$ cat my_file.cif   # mmCIF, N, CA and C atoms
data_protein
loop_
_atom_site.label_atom_id
_atom_site.label_comp_id
_atom_site.auth_asym_id
_atom_site.auth_seq_id
_atom_site.Cartn_x
_atom_site.Cartn_y
_atom_site.Cartn_z
N MET Q 1 0.83 -1.18 0.00
CA MET Q 1 0.00 0.00 0.00
C MET Q 1 0.88 1.25 0.00
N HIS Q 2 1.94 1.21 0.80
CA HIS Q 2 2.84 2.36 0.85
C HIS Q 2 3.45 2.64 -0.52
N ALA Q 3 3.87 1.57 -1.20
CA ALA Q 3 4.49 1.75 -2.51
C ALA Q 3 3.52 2.41 -3.48
N LEU Q 4 2.27 1.98 -3.48
CA LEU Q 4 1.29 2.56 -4.39
C LEU Q 4 1.09 4.05 -4.09
N ARG Q 5 1.06 4.40 -2.81
CA ARG Q 5 0.93 5.82 -2.45
C ARG Q 5 2.12 6.63 -2.95
N VAL Q 6 3.31 6.09 -2.79
CA VAL Q 6 4.52 6.78 -3.27
C VAL Q 6 4.47 6.92 -4.79
N PHE Q 7 4.11 5.84 -5.49
CA PHE Q 7 4.01 5.92 -6.95
C PHE Q 7 3.02 7.00 -7.36
N ALA Q 8 1.88 7.07 -6.68
CA ALA Q 8 0.87 8.08 -7.01
C ALA Q 8 1.38 9.48 -6.71
N GLU Q 9 2.04 9.67 -5.57
CA GLU Q 9 2.57 10.99 -5.20
C GLU Q 9 3.57 11.49 -6.23
N PHE Q 10 4.37 10.59 -6.79
CA PHE Q 10 5.34 10.97 -7.79
C PHE Q 10 4.78 10.93 -9.21
N GLN Q 11 3.46 10.77 -9.31
CA GLN Q 11 2.75 10.75 -10.59
C GLN Q 11 3.28 9.68 -11.54
N LEU Q 12 3.54 8.49 -10.97
CA LEU Q 12 4.06 7.38 -11.76
C LEU Q 12 2.97 6.40 -12.19
N THR Q 13 1.73 6.62 -11.75
CA THR Q 13 0.66 5.68 -12.06
C THR Q 13 -0.23 6.14 -13.20
N GLY Q 14 0.04 7.28 -13.75
CA GLY Q 14 -0.77 7.80 -14.84
C GLY Q 14 -0.14 7.49 -16.19
N ASP Q 15 -0.65 8.12 -17.22
CA ASP Q 15 -0.15 7.89 -18.57
C ASP Q 15 0.90 8.91 -19.00
N ARG Q 16 1.41 9.66 -18.04
CA ARG Q 16 2.45 10.65 -18.35
C ARG Q 16 3.68 9.95 -18.92
N GLU Q 17 4.21 10.50 -20.00
CA GLU Q 17 5.40 9.92 -20.61
C GLU Q 17 6.62 10.71 -20.21
N VAL Q 18 7.75 10.00 -20.11
CA VAL Q 18 9.03 10.62 -19.80
C VAL Q 18 10.03 10.19 -20.85
N SER Q 19 11.03 11.02 -21.05
CA SER Q 19 12.07 10.70 -22.00
C SER Q 19 13.18 9.95 -21.27
N PHE Q 20 13.53 8.77 -21.76
CA PHE Q 20 14.58 7.96 -21.16
C PHE Q 20 15.40 7.33 -22.29
N ASN Q 21 16.71 7.59 -22.30
CA ASN Q 21 17.60 7.08 -23.36
C ASN Q 21 17.05 7.41 -24.74
N ASN Q 22 16.63 8.67 -24.90
CA ASN Q 22 16.10 9.16 -26.18
C ASN Q 22 14.86 8.43 -26.65
N GLN Q 23 14.08 7.92 -25.69
CA GLN Q 23 12.85 7.21 -26.03
C GLN Q 23 11.76 7.65 -25.05
N GLU Q 24 10.56 7.88 -25.57
CA GLU Q 24 9.42 8.23 -24.71
C GLU Q 24 8.79 6.96 -24.16
N ILE Q 25 8.64 6.91 -22.83
CA ILE Q 25 8.01 5.74 -22.21
C ILE Q 25 6.98 6.21 -21.19
N SER Q 26 5.94 5.42 -21.03
CA SER Q 26 4.90 5.70 -20.04
C SER Q 26 5.39 5.18 -18.69
N SER Q 27 5.30 6.02 -17.66
CA SER Q 27 5.75 5.59 -16.33
C SER Q 27 4.92 4.42 -15.83
N LYS Q 28 3.61 4.44 -16.08
CA LYS Q 28 2.73 3.36 -15.64
C LYS Q 28 3.08 2.06 -16.36
N ALA Q 29 3.30 2.13 -17.65
CA ALA Q 29 3.65 0.93 -18.42
C ALA Q 29 4.99 0.37 -17.94
N PHE Q 30 5.94 1.26 -17.65
CA PHE Q 30 7.24 0.81 -17.15
C PHE Q 30 7.08 0.10 -15.80
N LEU Q 31 6.33 0.72 -14.86
CA LEU Q 31 6.14 0.11 -13.54
C LEU Q 31 5.48 -1.26 -13.66
N ARG Q 32 4.45 -1.35 -14.47
CA ARG Q 32 3.74 -2.62 -14.64
C ARG Q 32 4.68 -3.70 -15.16
N GLN Q 33 5.42 -3.38 -16.22
CA GLN Q 33 6.32 -4.36 -16.83
C GLN Q 33 7.43 -4.76 -15.85
N HIS Q 34 7.97 -3.79 -15.15
CA HIS Q 34 9.03 -4.08 -14.17
C HIS Q 34 8.53 -5.01 -13.07
N ILE Q 35 7.35 -4.73 -12.55
CA ILE Q 35 6.79 -5.56 -11.49
C ILE Q 35 6.53 -6.97 -12.00
N LEU Q 36 5.94 -7.11 -13.18
CA LEU Q 36 5.64 -8.43 -13.73
C LEU Q 36 6.91 -9.23 -14.03
N GLU Q 37 7.98 -8.53 -14.48
CA GLU Q 37 9.20 -9.24 -14.84
C GLU Q 37 10.09 -9.53 -13.64
N HIS Q 38 10.11 -8.61 -12.66
CA HIS Q 38 11.12 -8.73 -11.60
C HIS Q 38 10.57 -8.88 -10.19
N ALA Q 39 9.30 -8.62 -9.99
CA ALA Q 39 8.77 -8.68 -8.63
C ALA Q 39 7.51 -9.53 -8.51
N ALA Q 40 7.21 -10.31 -9.53
CA ALA Q 40 5.98 -11.11 -9.50
C ALA Q 40 5.98 -12.13 -8.38
N ASP Q 41 7.17 -12.56 -7.94
CA ASP Q 41 7.26 -13.54 -6.86
C ASP Q 41 7.61 -12.87 -5.53
N LEU Q 42 7.35 -11.59 -5.42
CA LEU Q 42 7.69 -10.83 -4.23
C LEU Q 42 7.10 -11.43 -2.97
N GLY Q 43 5.87 -11.92 -3.04
CA GLY Q 43 5.23 -12.52 -1.87
C GLY Q 43 5.66 -13.94 -1.62
N GLY Q 44 6.45 -14.54 -2.51
CA GLY Q 44 6.94 -15.88 -2.31
C GLY Q 44 5.95 -16.98 -2.65
N GLU Q 45 4.82 -16.66 -3.22
CA GLU Q 45 3.81 -17.67 -3.50
C GLU Q 45 3.52 -17.80 -4.99
N GLY Q 46 4.48 -17.46 -5.82
CA GLY Q 46 4.27 -17.58 -7.26
C GLY Q 46 3.79 -16.29 -7.88
N GLU Q 47 3.70 -16.31 -9.19
CA GLU Q 47 3.31 -15.11 -9.92
C GLU Q 47 1.86 -14.74 -9.65
N TRP Q 48 1.58 -13.47 -9.76
CA TRP Q 48 0.23 -12.97 -9.61
C TRP Q 48 -0.03 -12.02 -10.77
N ALA Q 49 -1.27 -11.74 -11.04
CA ALA Q 49 -1.60 -10.81 -12.13
C ALA Q 49 -2.54 -9.72 -11.65
N PHE Q 50 -3.23 -9.94 -10.55
CA PHE Q 50 -4.22 -8.98 -10.07
C PHE Q 50 -4.09 -8.90 -8.56
N LEU Q 51 -4.04 -7.70 -8.04
CA LEU Q 51 -3.92 -7.52 -6.59
C LEU Q 51 -4.97 -6.51 -6.14
N LEU Q 52 -5.68 -6.86 -5.10
CA LEU Q 52 -6.63 -5.93 -4.50
C LEU Q 52 -6.26 -5.80 -3.03
N ASN Q 53 -6.09 -4.57 -2.59
CA ASN Q 53 -5.73 -4.30 -1.20
C ASN Q 53 -6.66 -3.23 -0.68
N VAL Q 54 -7.33 -3.51 0.44
CA VAL Q 54 -8.25 -2.55 1.07
C VAL Q 54 -7.77 -2.31 2.48
N GLU Q 55 -7.66 -1.05 2.85
CA GLU Q 55 -7.23 -0.67 4.19
C GLU Q 55 -8.31 0.21 4.81
N VAL Q 56 -8.74 -0.15 6.02
CA VAL Q 56 -9.78 0.60 6.71
C VAL Q 56 -9.23 1.01 8.07
N LEU Q 57 -9.30 2.31 8.36
CA LEU Q 57 -8.82 2.83 9.63
C LEU Q 57 -10.01 3.40 10.40
N GLY Q 58 -10.02 3.19 11.71
CA GLY Q 58 -11.12 3.73 12.51
C GLY Q 58 -10.91 3.46 13.98
N LYS Q 59 -11.95 3.64 14.75
CA LYS Q 59 -11.91 3.39 16.18
C LYS Q 59 -12.95 2.35 16.54
N ARG Q 60 -12.58 1.47 17.45
CA ARG Q 60 -13.49 0.47 17.98
C ARG Q 60 -13.21 0.37 19.48
N ASP Q 61 -14.26 0.56 20.27
CA ASP Q 61 -14.12 0.53 21.73
C ASP Q 61 -13.05 1.51 22.21
N GLY Q 62 -12.98 2.66 21.57
CA GLY Q 62 -12.05 3.71 21.98
C GLY Q 62 -10.61 3.51 21.53
N LYS Q 63 -10.32 2.42 20.81
CA LYS Q 63 -8.96 2.14 20.36
C LYS Q 63 -8.88 2.29 18.84
N LEU Q 64 -7.71 2.75 18.37
CA LEU Q 64 -7.49 2.84 16.93
C LEU Q 64 -7.35 1.44 16.36
N VAL Q 65 -8.03 1.20 15.25
CA VAL Q 65 -7.99 -0.12 14.62
C VAL Q 65 -7.70 0.06 13.13
N ARG Q 66 -6.85 -0.82 12.62
CA ARG Q 66 -6.53 -0.84 11.19
C ARG Q 66 -6.82 -2.24 10.67
N TYR Q 67 -7.74 -2.33 9.72
CA TYR Q 67 -8.05 -3.58 9.05
C TYR Q 67 -7.45 -3.52 7.65
N GLU Q 68 -6.81 -4.58 7.25
CA GLU Q 68 -6.27 -4.65 5.90
C GLU Q 68 -6.69 -5.99 5.28
N TYR Q 69 -7.25 -5.91 4.09
CA TYR Q 69 -7.68 -7.09 3.36
C TYR Q 69 -6.90 -7.14 2.05
N THR Q 70 -6.33 -8.29 1.76
CA THR Q 70 -5.56 -8.47 0.53
C THR Q 70 -6.06 -9.72 -0.18
N SER Q 71 -6.25 -9.61 -1.47
CA SER Q 71 -6.71 -10.76 -2.24
C SER Q 71 -5.54 -11.44 -2.93
N SER Q 72 -5.71 -12.72 -3.18
CA SER Q 72 -4.75 -13.46 -4.00
C SER Q 72 -5.54 -14.47 -4.83
N HIS Q 73 -4.92 -14.94 -5.88
CA HIS Q 73 -5.58 -15.90 -6.77
C HIS Q 73 -4.53 -16.85 -7.30
N PRO Q 74 -4.93 -17.91 -7.99
CA PRO Q 74 -3.96 -18.86 -8.53
C PRO Q 74 -2.93 -18.16 -9.42
N ALA Q 75 -1.77 -18.78 -9.52
CA ALA Q 75 -0.66 -18.23 -10.31
C ALA Q 75 -1.04 -18.06 -11.77
N ARG Q 76 -0.28 -17.21 -12.44
CA ARG Q 76 -0.51 -16.94 -13.85
C ARG Q 76 -0.47 -18.22 -14.68
N ALA Q 77 0.35 -19.20 -14.25
CA ALA Q 77 0.42 -20.47 -14.98
C ALA Q 77 -0.95 -21.16 -15.03
N GLU Q 78 -1.79 -20.95 -14.00
CA GLU Q 78 -3.11 -21.57 -13.97
C GLU Q 78 -4.18 -20.69 -14.60
N TRP Q 79 -4.19 -19.41 -14.25
CA TRP Q 79 -5.26 -18.52 -14.73
C TRP Q 79 -4.86 -17.74 -15.98
N GLY Q 80 -3.61 -17.70 -16.32
CA GLY Q 80 -3.16 -16.99 -17.50
C GLY Q 80 -3.54 -15.52 -17.47
N THR Q 81 -3.91 -15.00 -18.63
CA THR Q 81 -4.24 -13.58 -18.74
C THR Q 81 -5.69 -13.30 -18.36
N THR Q 82 -6.41 -14.30 -17.85
CA THR Q 82 -7.82 -14.10 -17.50
C THR Q 82 -8.01 -13.68 -16.04
N ALA Q 83 -6.91 -13.44 -15.31
CA ALA Q 83 -7.03 -13.13 -13.88
C ALA Q 83 -7.93 -11.93 -13.61
N THR Q 84 -7.74 -10.84 -14.33
CA THR Q 84 -8.56 -9.65 -14.09
C THR Q 84 -10.03 -9.93 -14.37
N ALA Q 85 -10.32 -10.63 -15.46
CA ALA Q 85 -11.71 -10.96 -15.78
C ALA Q 85 -12.31 -11.86 -14.70
N ARG Q 86 -11.55 -12.83 -14.23
CA ARG Q 86 -12.06 -13.74 -13.20
C ARG Q 86 -12.27 -13.02 -11.87
N VAL Q 87 -11.29 -12.19 -11.48
CA VAL Q 87 -11.41 -11.49 -10.19
C VAL Q 87 -12.55 -10.48 -10.23
N THR Q 88 -12.93 -10.04 -11.40
CA THR Q 88 -14.09 -9.16 -11.55
C THR Q 88 -15.38 -9.97 -11.66
N GLY Q 89 -15.38 -10.99 -12.49
CA GLY Q 89 -16.59 -11.74 -12.78
C GLY Q 89 -17.04 -12.70 -11.69
N ILE Q 90 -16.09 -13.34 -11.00
CA ILE Q 90 -16.46 -14.32 -9.98
C ILE Q 90 -17.26 -13.68 -8.84
N PRO Q 91 -16.80 -12.57 -8.26
CA PRO Q 91 -17.62 -11.95 -7.20
C PRO Q 91 -19.00 -11.50 -7.71
N ALA Q 92 -19.05 -10.98 -8.93
CA ALA Q 92 -20.34 -10.57 -9.49
C ALA Q 92 -21.26 -11.78 -9.65
N SER Q 93 -20.69 -12.90 -10.08
CA SER Q 93 -21.47 -14.12 -10.23
C SER Q 93 -21.99 -14.63 -8.88
N ILE Q 94 -21.14 -14.59 -7.87
CA ILE Q 94 -21.56 -15.02 -6.53
C ILE Q 94 -22.71 -14.13 -6.05
N GLY Q 95 -22.56 -12.82 -6.23
CA GLY Q 95 -23.62 -11.90 -5.84
C GLY Q 95 -24.92 -12.17 -6.57
N ALA Q 96 -24.84 -12.41 -7.87
CA ALA Q 96 -26.04 -12.69 -8.65
C ALA Q 96 -26.71 -13.99 -8.19
N GLN Q 97 -25.91 -15.01 -7.91
CA GLN Q 97 -26.46 -16.28 -7.44
C GLN Q 97 -27.15 -16.11 -6.08
N LYS Q 98 -26.54 -15.33 -5.20
CA LYS Q 98 -27.14 -15.09 -3.88
C LYS Q 98 -28.45 -14.30 -4.03
N LEU Q 99 -28.47 -13.34 -4.92
CA LEU Q 99 -29.71 -12.60 -5.17
C LEU Q 99 -30.80 -13.53 -5.69
N ALA Q 100 -30.43 -14.39 -6.63
CA ALA Q 100 -31.41 -15.32 -7.22
C ALA Q 100 -31.97 -16.29 -6.18
N ARG Q 101 -31.17 -16.66 -5.19
CA ARG Q 101 -31.61 -17.58 -4.14
C ARG Q 101 -32.26 -16.86 -2.96
N GLY Q 102 -32.33 -15.52 -3.03
CA GLY Q 102 -32.93 -14.75 -1.94
C GLY Q 102 -32.05 -14.65 -0.71
N GLU Q 103 -30.74 -14.79 -0.87
CA GLU Q 103 -29.81 -14.75 0.25
C GLU Q 103 -29.24 -13.34 0.45
N VAL Q 104 -30.13 -12.38 0.59
CA VAL Q 104 -29.69 -11.00 0.80
C VAL Q 104 -30.30 -10.47 2.10
N ALA Q 105 -29.51 -9.66 2.81
CA ALA Q 105 -29.98 -9.10 4.07
C ALA Q 105 -30.85 -7.86 3.84
N ARG Q 106 -30.54 -7.10 2.80
CA ARG Q 106 -31.29 -5.88 2.47
C ARG Q 106 -31.37 -5.75 0.97
N VAL Q 107 -32.37 -5.04 0.53
CA VAL Q 107 -32.53 -4.80 -0.91
C VAL Q 107 -32.47 -3.31 -1.17
N GLY Q 108 -32.32 -2.95 -2.43
CA GLY Q 108 -32.24 -1.55 -2.81
C GLY Q 108 -30.82 -1.21 -3.21
N VAL Q 109 -30.56 0.07 -3.32
CA VAL Q 109 -29.23 0.53 -3.70
C VAL Q 109 -28.42 0.70 -2.41
N VAL Q 110 -27.67 -0.33 -2.07
CA VAL Q 110 -26.84 -0.32 -0.86
C VAL Q 110 -25.50 -0.97 -1.18
N ALA Q 111 -24.52 -0.75 -0.32
CA ALA Q 111 -23.20 -1.34 -0.50
C ALA Q 111 -23.29 -2.87 -0.38
N PRO Q 112 -22.49 -3.60 -1.14
CA PRO Q 112 -22.55 -5.06 -1.11
C PRO Q 112 -22.35 -5.65 0.28
N GLU Q 113 -21.49 -5.04 1.10
CA GLU Q 113 -21.24 -5.59 2.43
C GLU Q 113 -22.45 -5.49 3.35
N ILE Q 114 -23.44 -4.68 2.97
CA ILE Q 114 -24.69 -4.60 3.73
C ILE Q 114 -25.64 -5.72 3.28
N CYS Q 115 -25.57 -6.08 2.00
CA CYS Q 115 -26.45 -7.12 1.46
C CYS Q 115 -26.00 -8.53 1.83
N PHE Q 116 -24.70 -8.75 1.85
CA PHE Q 116 -24.15 -10.09 2.04
C PHE Q 116 -23.24 -10.12 3.25
N GLU Q 117 -23.30 -11.21 3.99
CA GLU Q 117 -22.41 -11.37 5.14
C GLU Q 117 -20.99 -11.60 4.60
N PRO Q 118 -20.04 -10.69 4.92
CA PRO Q 118 -18.71 -10.74 4.29
C PRO Q 118 -17.98 -12.08 4.44
N GLN Q 119 -17.96 -12.69 5.62
CA GLN Q 119 -17.20 -13.93 5.80
C GLN Q 119 -17.75 -15.06 4.93
N VAL Q 120 -19.06 -15.14 4.80
CA VAL Q 120 -19.66 -16.15 3.93
C VAL Q 120 -19.28 -15.88 2.48
N PHE Q 121 -19.30 -14.61 2.09
CA PHE Q 121 -18.91 -14.22 0.73
C PHE Q 121 -17.45 -14.59 0.47
N PHE Q 122 -16.57 -14.32 1.46
CA PHE Q 122 -15.15 -14.66 1.32
C PHE Q 122 -14.98 -16.18 1.17
N GLN Q 123 -15.80 -16.96 1.86
CA GLN Q 123 -15.73 -18.42 1.73
C GLN Q 123 -16.09 -18.86 0.31
N GLU Q 124 -17.11 -18.21 -0.25
CA GLU Q 124 -17.50 -18.52 -1.63
C GLU Q 124 -16.38 -18.15 -2.60
N LEU Q 125 -15.73 -17.01 -2.36
CA LEU Q 125 -14.60 -16.62 -3.21
C LEU Q 125 -13.50 -17.66 -3.11
N SER Q 126 -13.21 -18.12 -1.90
CA SER Q 126 -12.15 -19.11 -1.67
C SER Q 126 -12.44 -20.41 -2.43
N ARG Q 127 -13.69 -20.83 -2.44
CA ARG Q 127 -14.06 -22.05 -3.17
C ARG Q 127 -13.74 -21.93 -4.66
N ARG Q 128 -13.66 -20.69 -5.14
CA ARG Q 128 -13.41 -20.44 -6.57
C ARG Q 128 -11.99 -19.95 -6.83
N GLY Q 129 -11.12 -20.04 -5.82
CA GLY Q 129 -9.70 -19.72 -6.03
C GLY Q 129 -9.27 -18.32 -5.64
N ILE Q 130 -10.17 -17.48 -5.16
CA ILE Q 130 -9.80 -16.13 -4.74
C ILE Q 130 -9.76 -16.12 -3.21
N ILE Q 131 -8.58 -15.86 -2.67
CA ILE Q 131 -8.37 -15.90 -1.23
C ILE Q 131 -8.29 -14.47 -0.69
N ILE Q 132 -9.03 -14.20 0.37
CA ILE Q 132 -9.00 -12.89 1.03
C ILE Q 132 -8.33 -13.08 2.39
N LYS Q 133 -7.23 -12.37 2.60
CA LYS Q 133 -6.52 -12.43 3.86
C LYS Q 133 -6.83 -11.17 4.66
N GLU Q 134 -7.09 -11.35 5.95
CA GLU Q 134 -7.40 -10.23 6.83
C GLU Q 134 -6.27 -10.05 7.84
N HIS Q 135 -5.86 -8.80 8.01
CA HIS Q 135 -4.85 -8.46 9.00
C HIS Q 135 -5.42 -7.31 9.84
N VAL Q 136 -5.40 -7.46 11.16
CA VAL Q 136 -5.98 -6.45 12.05
C VAL Q 136 -4.90 -5.98 13.02
N GLU Q 137 -4.78 -4.66 13.17
CA GLU Q 137 -3.87 -4.06 14.15
C GLU Q 137 -4.68 -3.14 15.04
N THR Q 138 -4.43 -3.21 16.34
CA THR Q 138 -5.11 -2.34 17.30
C THR Q 138 -4.04 -1.58 18.08
N SER Q 139 -4.28 -0.30 18.32
CA SER Q 139 -3.36 0.49 19.13
C SER Q 139 -4.17 1.45 20.00
N GLU Q 140 -3.51 1.95 21.02
CA GLU Q 140 -4.18 2.86 21.97
C GLU Q 140 -4.45 4.20 21.36
#
$ encode --input "my_file.cif" --output "structure tokens"
Amino acid sequence: MHALRVFAEFQLTGDREVSFNNQEISSKAFLRQHILEHAADLGGEGEWAFLLNVEVLGKRDGKLVRYEYTSSHPARAEWGTTATARVTGIPASIGAQKLARGEVARVGVVAPEICFEPQVFFQELSRRGIIIKEHVETSE
């Protein structure tokens, strides 16, 4: 998460081009290619193609709490270039199936976490190869 913030602060995540060795290159394209070629095994669990990281900060019972959720999926050798489509389509499919079966807590235009119990949803994702890891930190 820190790296992404730094990249954004230095305007490296947009389509801005820079001149390097007499050639115009996109900073975002360079970062993506560098990560895929040299840092894909950074987590030690094989190559990845899609990463989702959510960080929530707040207070609970008067204490500062930080929740971090990170997704992972099968290696590129298994999912190939379809990782983004699967990580997008699988949760949508689970949601649609739950709606069809009437497994919703509320109806209307509301956030998904209000409609579906998150841990049950995460279990369904896991059954389909998408793993959600939770990390919680509490401080005074």
$ closest_atom_pairs --input "my_file.cif" --of "region 65-111 of chain Q" --to "region 119-128 of chain Q" --cutoff "9 Å" --atoms "only C-alpha atoms" --output "CSV"
residue,atom,partner,partner_atom,distance
Q:His73,CA,Q:Ser126,CA,8.9
Q:Ile90,CA,Q:Leu125,CA,7.4
Q:Pro91,CA,Q:Leu125,CA,6.8
Q:Ile94,CA,Q:Glu124,CA,7.3
Q:Gly95,CA,Q:Phe121,CA,8.4
$ atom_distance --input "my_file.cif" --atom1 "CA of Val56 (chain Q)" --atom2 "CA of Leu4 (chain Q)"
15.8 Å
$ residues_around --input "my_file.cif" --residues "region 115-117 of chain Q" --least-positions-apart "6" --cutoff "6.5 Å" --atoms "all atoms listed in the file" --output "list in words"
Glu103, Val104, Ala105, Arg106 and Val107 of chain Q
$ atom_distance --input "my_file.cif" --atom1 "atom C of Gly14 (chain Q)" --atom2 "atom C of Leu31 (chain Q)"
10.7 Å
$ atom_distance --input "my_file.cif" --atom1 "atom C of Arg101 (chain Q)" --atom2 "atom C of Thr84 (chain Q)"
25.9 Å
$ resolve_selection --input "my_file.cif" --expression "the PyMOL selection byres ((chain Q and resi 29) around 8)" --output "list in words"
Leu12, Thr13, Gly14, Asp15, Arg16, Ile25, Ser26, Ser27, Lys28, Phe30, Leu31, Arg32, Gln33, His34 and Ile35 of chain Q
$ residues_around --input "my_file.cif" --residues "Thr70 (chain Q)" --least-positions-apart "2" --cutoff "5 Å" --atoms "only N, CA and C atoms" --output "PyMOL selection string"
chain Q and resi 52-53+68+72+132-133
$ write_last_selection --input "my_file.cif" --atoms "N, CA and C atoms" --output "PDB file, in the frame of the given file"
ATOM      1  N   LEU Q  52      -5.680  -6.860  -5.100  1.00  0.00           N
ATOM      2  CA  LEU Q  52      -6.630  -5.930  -4.500  1.00  0.00           C
ATOM      3  C   LEU Q  52      -6.260  -5.800  -3.030  1.00  0.00           C
ATOM      4  N   ASN Q  53      -6.090  -4.570  -2.590  1.00  0.00           N
ATOM      5  CA  ASN Q  53      -5.730  -4.300  -1.200  1.00  0.00           C
ATOM      6  C   ASN Q  53      -6.660  -3.230  -0.680  1.00  0.00           C
ATOM      7  N   GLU Q  68      -6.810  -4.580   7.250  1.00  0.00           N
ATOM      8  CA  GLU Q  68      -6.270  -4.650   5.900  1.00  0.00           C
ATOM      9  C   GLU Q  68      -6.690  -5.990   5.280  1.00  0.00           C
ATOM     10  N   SER Q  72      -5.710 -12.720  -3.180  1.00  0.00           N
ATOM     11  CA  SER Q  72      -4.750 -13.460  -4.000  1.00  0.00           C
ATOM     12  C   SER Q  72      -5.540 -14.470  -4.830  1.00  0.00           C
ATOM     13  N   ILE Q 132      -9.030 -14.200   0.370  1.00  0.00           N
ATOM     14  CA  ILE Q 132      -9.000 -12.890   1.030  1.00  0.00           C
ATOM     15  C   ILE Q 132      -8.330 -13.080   2.390  1.00  0.00           C
ATOM     16  N   LYS Q 133      -7.230 -12.370   2.600  1.00  0.00           N
ATOM     17  CA  LYS Q 133      -6.520 -12.430   3.860  1.00  0.00           C
ATOM     18  C   LYS Q 133      -6.830 -11.170   4.660  1.00  0.00           C
TER      19      LYS Q 133
END
$ closest_residue --input "my_file.cif" --among "Q:Arg76, Q:Arg86, Q:Arg66, Q:Arg5" --to "Val136 (chain Q)" --atoms "all atoms listed in the file"
Q:Arg66
$ select_by_dssp --input "my_file.cif" --residues "chain Q" --states "alpha helix (DSSP H)" --output "MDAnalysis selection string"
chainID Q and resid 2:9 27:38 76:79 83:100 112:115 118:127
$ closest_residue --input "my_file.cif" --among "Q:Ile114, Q:Tyr69, Q:Phe10, Q:Val54" --to "His135 (chain Q)" --atoms "all atoms listed in the file"
Q:Tyr69
$ resolve_selection --input "my_file.cif" --expression "the PyMOL selection byres ((chain Q and resi 138-140) around 5)" --output "list in words"
Lys63, Leu64, Val65, Val136 and Glu137 of chain Q
$ select_by_dssp --input "my_file.cif" --residues "chain Q" --states "strand (DSSP E or B)" --output "PyMOL selection string"
chain Q and resi 17-20+23-26+53-60+63-72+131-139
